Every structure is written in C-alpha cells, then in structure tokens.
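Q: Below are the structure tokens for one structure; questions will follow.
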Amino acid sequence: MDYQKLAELLFPHVTETPAAMEAKFPPRNLPEGAKVTRFAPSPTGFVHFGGLFPSTIGERLAHQSGGVFMLRIEDTDAKREVDGAAEGLIRTLEHYGIRFDEGAVIGEDGTICDKGDYGPYKQSQRGPIYHVFAKQLVSEGKAYPVFTTKEELEALNAADKKAEIKAKDWHEDQTEAREKMLEARNITIEEVEENLKAGNPFVLRILADGDPEKKLRFTDLIKGNLEIPENDEDFVLLKSDGIPTYHFAHAVDDHLMGTTHVIRGEEWLPSLPKHLMLFRYLGFKLPKFMHIAQIMRLDENGNKKKLSKRDMGANMDDYSRMGYAPACVCEYIMTLLNSNYEEWHMQNPEKPYTDFPFNIKKMSNSGCLFDFNKLNDVSKNIISRMSAKEVTEQVTAWALEYDPAFGAQLSRDPAMTEAIFAIGRGGKKPRKDLATWADAKPYMGFFFDYVQEDEYDESFDRADIKTALEQFLASYDPADDMNAWFEKVKGIARAIGYADDMKAYKADPTAFRGNIADVSMFLRVAVTGKLNAPDLYTVMQILGEDETRARITRMIETL
RNA sequence: GGCCCAUUAGUCAAACGGCUAAGACGUCGCCCUCUCACGGCGAAGAUAUGGGUUCGAUUCCCGUAUGGGUCACCA
C-alpha cells in the first residue's frame with residue numbers, strides 16, 4: 001500500500017504540513033511552572049454543577065500559577081447542539097467568577113468570537129487543522145478509511161445503536177464487530193479510488209497497534225499510578241462529515257493550544273488508552289492529566305448516581321432562582337475540592353477564596369454527594385459577614401426578579417429595609433438567618449405584611465394577654481431606649497403576677513402566673529404575628545409608633 | 001458481560017506503617033437567653049469483608065462484596 005498516495009487521495013485539499021501548524025502555534029512565553037488549562041464544554045445545554053467543578057479547578061490552577069485559562073467549545077456534534085447554549089455557558093460561568101483569558105468569548109454584538117492567538121476556539125471552525133494531522137497519520141500508515149454508502153450511513157444514524165448493542169450478547173457483538181474492523185483494514189487503493197469516485201463517504205479510523213493483554217503504566221495527578229490496558233480498537237478519528245471525534249480533537253487541540261493540564265471527569269478514564277495512542281502516533285508531548293471524581297446524588301433507592309442534568313441542584317440557574325449567592329456556591333465548591341480549605345478559611349475568614357493556595361494533592365479521588373446542608377451552612381456564614389447594605393441590595397435584586405411583590409416592598413423604603421437587615425448584624429457573633437435570599441421573606445416579611453401565622457399557646461390566660469397588651473399601649477413611648485423599654489415590660493409582668501426575672505421563676509414556678517418570657521411573647525405575637533422574631537425592641541423601633549400601636553390594638557380586639 | 005475507578009459515622013473528610021481513628025455539616029441533650037438566631041459545653045455515630053506481609057495495618061498486597069464509570073460516525 002502506498003500510504004502517501006492514499007493520503008493524497010483522501011485529503012487532496014490539504015496543503016499545509018504538521019510542521020507548519022506547529023510553527024503557527026508556538027509555545028507560549030510563560031513563567032516557569034505556569035499552567036495552561038482549559039474548560040471544554042459541548043454546547044448542549046446549561047452549565048450544571050458538575051461542570052462548574054472542573055472549570056473552578058482549571059481557573060484556580062491557571063490563575064494562581066500565572067498561566068492561561070481557556071474556553072474551548074466542543075461543538076463537533078451538530079445533532080446535539082442547542083442554540084444559544086454556548087452563550088449561556090459563558091454567561092453562567094462569568095456569574096460564578098470563572099473568567100477566561102483566551103477562547104470563545106461573547107463579543108459586543110452578542111455573538112461568540114475568539115480572543116487569543118491559539119484559535120479558533122470552536123472546534124467546528126478547526127476542520128482544516130484536524131485534516132492536516134489526519135493526512136499525516138494516513139501518510140504514515142497509522143490511519144485508514146472505512147467507506148459506507150449513503151444509505152448505510154442513514155440507517156446507522158437512524159437506529160438507536162446503543163440500545164441495539166445493549167440488547168445483544170456482549171461477547172457475540174464484540175467479536176462480530178472486531179472481525180468487521182480487521183477486515184476493513186485490508187482495503188486496497190483501488191477500492192478507495194472506486195469509493196471516492198462513487199462519492200461514498202468515509203470515516204477515518206486509527207490503525208491500533210496495542211495489545212490489551214499488555215498494560216500501560218500511567219500517572220494521573222489525582223488518581224495516582226494506574227495500569228491500563230493498551231488500546232486495540234481502531235476508533236474513529238474523523239466522522240463521515242469530516243468532523244473529528246472527541247478523541248482526535250482533544251489530542252490536536254490540547255497539543256496545539258499548549259494545554260499543560262487536562263482536567264476532565266473520570267468518565268474519560270476508560271478512553272485514556274486511545275488518547276495515549278494518539279499522542280504517541282502524532283508525536284505530541286503528553287500533557288498532565290487530572291481525572292476528577294464525579295459529583296453524585298442519591299436516587300430513590302438510596303444508591304449514589306452521577307449528578308446529571310435533570311437532577312435537582314444540577315442546573316446552576318436553579319441556584320439563582322433559589323437565591324444562592326454565587327460566592328456561596330463557589331465557596332462550597334472549594335470545600336469539596338480541597339479538604340483543607342475549611343481550615344484555611346477559619347484562619348483567614350476575611351480573605352476571598354482566590355487567596356487560598358489550591359493544591360492538586362489535596363483533591364479527593366472518590367465522588368462526593370451533593371449536600372444542601374453544608375451549602376446552607378457555608379452560605380449562612382458568608383451572608384452573616386456581609387454588611388446590611390450589601391444584603392439589602394442583593395435581596396432586593398433577587399426579589400425584584402423572582403418575587404416582584406416582595407421586591408417592591410423591599411425597595412419602597414431602602415433605609416428601612418437596611419435597618420431590618422442590620423438587626424443582629426456585625427460584631428463577633430452575627431445572626432445567621434439567611435442561607436439564601438429567598439429566606440429573607442419568611443424571616444422579615446412581617447415588617448411589610450401583617451399575617452397572624454402563629455397563635456398564642458392555649459395555656460395562656462386570654463385576660464392576662466389582654467391586660468398586658470393594654471398596659472403596654474398605655475405606657476409605650478418610642479423615645480425610650482432599650483433598657484427603659486424592657487423595664488416597662490418587666491413592670492407589666494409584675495403587675496399581672498408574672499415573674500420579671502427568669503431565675504426567680506425557675507426557682508419556684510408555682511409562685512407566679514407566668515414569667516417575663518411569656519409577656520414578651522404576648523407582645524411579639526401581637527406585633528409580628530409570629531412566635532419567633534428578632535429583637536422586639538428594635539422591631540418596634542423600625543415599625544414606628546403608629547404601626548406598632550395599630551397591630552397591638554388589632555390584637556386586643558380579637559381577644 | 002469485559003475493562004477501569006472507588007470504599008473511614010447520615011454527609012464532606014484528616015491521620016510518614018505507630019497515642020484512646022481529627023475536624024466540619026447534620027442529628028440529639030444541656031447552658032446562655034424575652035422567643036428566634038448567635039454563642040458555649042457535651043453526646044451518639046466510622047476504617048465494607050476475608051486472607052496475607054509486619055513487632056504493629058485505616059494505611060502495603062491478594063481475593064470477595066458493594067457502589068460508580070465505560071464499552072458510538074456522543075462528548
């Protein structure tokens with residue numbers, strides 16, 4: 001077989017050489033130890049949690065080493081591509097603080113364009129580049145064409161191949177497929193010419209020289225030392241439309257773009273032998289690989305499953321809707337990525353997570369379960385450290401989008417809203433009421449709408465409640481400071497035979513009709529409609545005298 | 001089914017082959033306390049399993065089980 005001739009037959013339009021491509025994309029001039037990483041999603045939908053994970057790793061490794069972080073759009077499967085998905089991915093990633101130095105970006109006109117010297121960054125636009133290397137492989141006898149008629153191709157696309165294979169016996173199918181594959185290797189140059197003349201499409205397959213009985217030693221930065229079988233499958237390099245498969249595009253792109261660390265999910269581990277073979281055939285230096293464990297969820301049977309697109313908590317847009325701040329999600333991700341992050345953060349509570357020295361060695365090699373409890377805890381801590389002003393802005397912005405009526409209430413009097421969020425804020429032990437912006441409404445909605453959510457406990461004497469409320473109204477003076485205010489409440493307690501001191505009450509509960517806590521509760525339910533609320537004195541101050549009196553008066557009337 | 005990966009409390013996780021197997025979240029109890037929230041103290045709760053190597057194994061090796069992944073002209 002004259003491989004050179006075969007290469008010319010298959011790729012007559014390719015005139016460039018691999019060496020010319022190398023010259024076009026020279027190594028970057030970066031400081032020692034700088035890492036070049038990339039996030040390479042296929043534009044088939046929204047960003048999900050499992051995608052934010054590797055992109056955070058890539059971003060951190062690149063930016064804390066003075067390297068480059070790229071976005072490459074892997075749109076080699078037109079069938080699965082979703083319109084506008086790429087733009088959505090970029091926007092969502094940006095929302096979570098993931099910024100790219102190079103790659104596909106959204107231009108001023110709102111469409112995707114390239115930034116950087118190693119593009120194009122959309123694989124669908126890199127066809128000529130792949131063909132240069134494909135031609136090289138053919139000319140070296142390392143790849144060969146397999147022709148199909150158009151009819152066969154249509155049948156192939158129509159059938160649900162995966163389901164078909166699953167239904168069959170695995171062994172039978174494998175041996176059958178292998179025989180077919182070996183037979184296809186024997187194609188002659190005459191047959192190639194005939195097929196080309198007939199206009200039949202072809203796929204380009206690699207000529208595998210591996211022996212699966214032999215093992216390759218390989219070191220993954222996360223998984224450690226692995227022994228994987230050599231590849232003996234003549235997998236497809238170019239599909240019949242001339243577009244490369246993931247495997248081929250990965251090898252060519254990551255080499256030409258100078259990727260130093262390939263970060264991807266561990267579902268790629270089984271195809272690693274293919275990639276090692278490709279890098280070897282092409283004479284490319286192997287980058288470092290990091291195969292990260294998948295995020296899991298629990299299915300209805302209590303088994304772990306890979307977190308997939310349809311799952312709750314998968315779509316990052318869900319987090320926005322639920323009212324999680326991006327910073328909280330990012331921090332939660334950091335706790336999952338590096339086990340020592342939390343420790344570092346406790347010692348450096350004021351520093352942003354980007355100051356944390358991210359360490360590959362500290363990464364877990366087994367998949368973790370998504371935990372909303374933990375997210376909420378992380379989130380409460382972050383929000384508790386924000387200023388009242390910031391919380392006001394964030395909650396208002398969230399509510400205006402997702403709960404417009406509430407948003408309108410919040411923005412009617414921003415100073416009052418801020419005063420509400422200032423309760424118990426600041427200092428060493430701030431309140432931690434909010435994990436999400438959506439938590440704000442149940443927490444402080446009573447300032448705007450009076451709803452009597454909670455009733456007085458049945459054990460309380462209605463007459464006592466009424467007397468206490470009436471006496472409070474009689475003595476209430478909004479000019480009182482907190483001490484004066486509380487002294488008056490104590491006075492009311494004494495007047496109706498309730499203990500004004502909890503210790504005294506606990507020492508002998510039978511000596512009193514009730515205690516100061518009960519009296520406070522009478523007021524609290526009247527003013528807030530709830531059993532639980534932040535500091536009552538401050539609540540009354542913010543509500544103002546008129547509203548406070550009105551609410552108490554209304555309650556008295558119902559008693 | 002073949003191959004690959006994994007396995008320490010409900011969850012996330014520490015522990016050069018060497019104290020009584022950390023810590024965080026969650027749960028529960030107590031304290032503080034005008035409720036809630038915060039905070040403090042405490043409790044329950046784990047090395048999947050069977051062999052080996054070793055003075056000694058969560059750690060190293062082999063088997064088993066369980067879970068996950070993968071086996072496309074998808075990525």
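All residue names refer to the structure tokens as shown: chains lettered A, B, ... in order, residues numbered from 1 in each chain, ligands numbered from 1 in order.
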Chain B near chain A within 8 Å: what's each residue's closest atom pair and its distance in Å to one decimal, counting only C-alpha atoms (C1' of nucleotides), ordered by chain then ascending residue number, as a tab-separated table?
A:
```
residue	atom	partner	partner_atom	distance
B:G1	C1'	A:Trp170	CA	6.0
B:C3	C1'	A:Pro270	CA	7.7
B:C4	C1'	A:Pro270	CA	5.8
B:C5	C1'	A:Glu266	CA	8.0
B:A6	C1'	A:Ser366	CA	5.7
B:U11	C1'	A:Asp371	CA	6.5
B:C12	C1'	A:Leu336	CA	6.9
B:A13	C1'	A:Ser339	CA	6.5
B:A24	C1'	A:Glu342	CA	7.7
B:C25	C1'	A:Lys374	CA	5.0
B:G26	C1'	A:Asn373	CA	6.8
B:C34	C1'	A:Ala517	CA	4.4
B:U35	C1'	A:Asn532	CA	5.2
B:C36	C1'	A:Asn532	CA	4.6
B:A37	C1'	A:Arg431	CA	5.3
B:C38	C1'	A:Arg431	CA	5.2
B:G39	C1'	A:Lys429	CA	6.8
B:G67	C1'	A:Lys304	CA	7.1
B:G68	C1'	A:Lys305	CA	7.3
B:G69	C1'	A:Glu267	CA	5.5
B:U70	C1'	A:Pro270	CA	5.7
B:A72	C1'	A:Lys162	CA	7.0
B:C73	C1'	A:Lys239	CA	4.6
B:C74	C1'	A:Asp77	CA	7.1
B:A75	C1'	A:Tyr246	CA	6.4
```
Q: Got a sec to tell me which of segment 106-293 of chain A DSSP assigns to helix (DSSP H, G or I), as a count of residues only?
A: 85
Q: Quick one, how far is atom CA of Phe522 of chain A from atom CA of Phe421 of chain A?
A: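 Atom-to-atom, atom CA of Phe522 of chain A and atom CA of Phe421 of chain A are spaced 23.8 Å apart.
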Q: Neighbours of segment 14-17 of chain A within 12 Å (only C-alpha atoms (C1' of nucleotides); same-chain residues fewer than 4 positions away dropped), as a ChimeraX atom specification?
A: /A:7-10,21-24,127-137,139
Q: Return as a list in words the full set of residues in segment 285-480 of chain A whose backbone-based DSSP assignment is strand (DSSP E or B).
A: Lys288, Phe289, Met290, His291, Ile292, Met296, Arg297, Leu298, Lys304, Lys305, Lys306, Asn315 and Leu369 of chain A
Q: Quick one: write out the picked residues with N, CA and C atoms as a compact mmCIF listing (two decimals), in the first residue's frame?
A:
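What follows is the written file part.txt:
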```txt
# COMPACT_ATOMS: atom_id res chain seq x y z
N LYS A 288 -0.21 16.76 31.35
CA LYS A 288 -0.57 16.08 32.59
C LYS A 288 -2.09 15.91 32.62
N PHE A 289 -2.52 14.83 33.21
CA PHE A 289 -3.96 14.57 33.25
C PHE A 289 -4.48 14.58 34.68
N MET A 290 -5.66 15.14 34.84
CA MET A 290 -6.34 15.11 36.14
C MET A 290 -7.76 14.63 35.89
N HIS A 291 -8.02 13.42 36.30
CA HIS A 291 -9.38 12.89 36.14
C HIS A 291 -10.11 13.02 37.47
N ILE A 292 -11.07 13.91 37.49
CA ILE A 292 -11.71 14.21 38.76
C ILE A 292 -12.98 13.39 38.95
N MET A 296 -22.05 13.19 42.97
CA MET A 296 -23.11 12.20 42.99
C MET A 296 -24.37 12.76 43.63
N ARG A 297 -25.45 12.01 43.45
CA ARG A 297 -26.70 12.31 44.13
C ARG A 297 -27.26 10.97 44.55
N LEU A 298 -28.28 11.01 45.39
CA LEU A 298 -28.91 9.75 45.80
C LEU A 298 -30.16 9.52 44.96
N LYS A 304 -26.00 5.83 45.11
CA LYS A 304 -25.36 7.01 44.52
C LYS A 304 -25.48 6.95 43.01
N LYS A 305 -25.75 8.09 42.44
CA LYS A 305 -25.78 8.18 40.98
C LYS A 305 -25.04 9.45 40.59
N LYS A 306 -24.47 9.42 39.42
CA LYS A 306 -23.82 10.62 38.90
C LYS A 306 -24.87 11.74 38.81
N ASN A 315 -28.71 22.17 37.57
CA ASN A 315 -28.70 23.38 36.76
C ASN A 315 -28.31 24.58 37.61
N LEU A 369 -21.11 13.28 47.47
CA LEU A 369 -22.54 13.52 47.38
C LEU A 369 -22.80 15.00 47.59
```
Q: For a test of reading the model, state the distance in Å between atom CA of Pro12 of chain A and atom CA of Val192 of chain A, rounded to one decimal.
A: 13.5 Å
Q: List the spatial neighbours of segment 55-65 of chain A as a tab-separated table (two decimals) with C-alpha atoms, in the first residue's frame - criterion: any atom at most 9 Å away, only C-alpha atoms (C1' of nucleotides), same-chain residues fewer than 5 positions off excluded.
A:
```
chain	number	residue	atom	x	y	z
A	31	PRO	CA	6.88	31.96	33.61
A	32	GLU	CA	8.28	28.74	34.99
A	33	GLY	CA	5.58	26.49	36.41
A	34	ALA	CA	2.71	28.36	34.78
A	35	LYS	CA	-0.18	26.07	33.99
A	36	VAL	CA	-2.30	26.25	30.88
A	37	THR	CA	-5.75	24.77	31.42
A	38	ARG	CA	-9.00	24.80	29.63
A	39	PHE	CA	-12.66	24.23	30.12
A	40	ALA	CA	-14.06	22.45	27.09
A	70	MET	CA	-9.07	28.92	28.01
A	93	LEU	CA	-19.58	30.80	34.23
A	97	GLY	CA	-16.45	34.31	38.80
A	98	ILE	CA	-14.94	31.99	36.21
A	99	ARG	CA	-13.08	34.24	33.78
A	100	PHE	CA	-11.22	33.12	30.73
A	261	HIS	CA	-3.06	20.10	32.46
A	262	VAL	CA	-6.04	18.29	31.05
A	263	ILE	CA	-8.80	18.46	33.66
A	330	CYS	CA	-18.06	28.89	44.92
A	333	ILE	CA	-17.19	24.00	45.80
A	334	MET	CA	-13.85	24.89	47.35
A	337	LEU	CA	-12.29	20.40	46.08
A	354	THR	CA	-9.00	33.01	45.47
A	355	ASP	CA	-6.27	33.63	48.05
A	357	PRO	CA	-3.38	28.01	47.83
A	358	PHE	CA	-5.22	25.40	45.86
A	359	ASN	CA	-3.44	22.09	45.95
A	360	ILE	CA	-3.89	19.22	43.49
```
Q: Which residues are close to U54 of chain B, i.e. within 10 Å by only C-alpha atoms (C1' of nucleotides), leaving aside same-chain residues fewer than 3 positions away? Reply as a PyMOL selection string.
A: chain B and resi 17+57+60
Q: Enter the distance from atom CA of Ala327 of chain A to atom CA of Ser379 of chain A, in Å, rounded to one decimal.
A: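 Interatomic distance here is 8.3 Å.
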Q: Please identify all polymer residues within 7 Å of segment 392-406 of chain A, counting only C-alpha atoms (C1' of nucleotides), omitting same-chain residues fewer than 5 positions from it, and present them as an MDAnalysis selection string.
A: chainID A and resid 321 323 411 417:418 421 437
Q: For C61 of chain B, list every protein, DNA or RNA residue within 12 Å, evaluated using only C-alpha atoms (C1' of nucleotides), and leave out those in the same chain fewer than 5 positions away; present the list as JSON, numbers by chain.
A: {"B": [51, 52, 53]}
Q: Choose the residue, out of A:Val527, A:Ala479, A:Leu52, A:Leu469, that has the smallest atom-to-atom separation from Tyr332 of chain A; count only C-alpha atoms.
A: A:Leu52
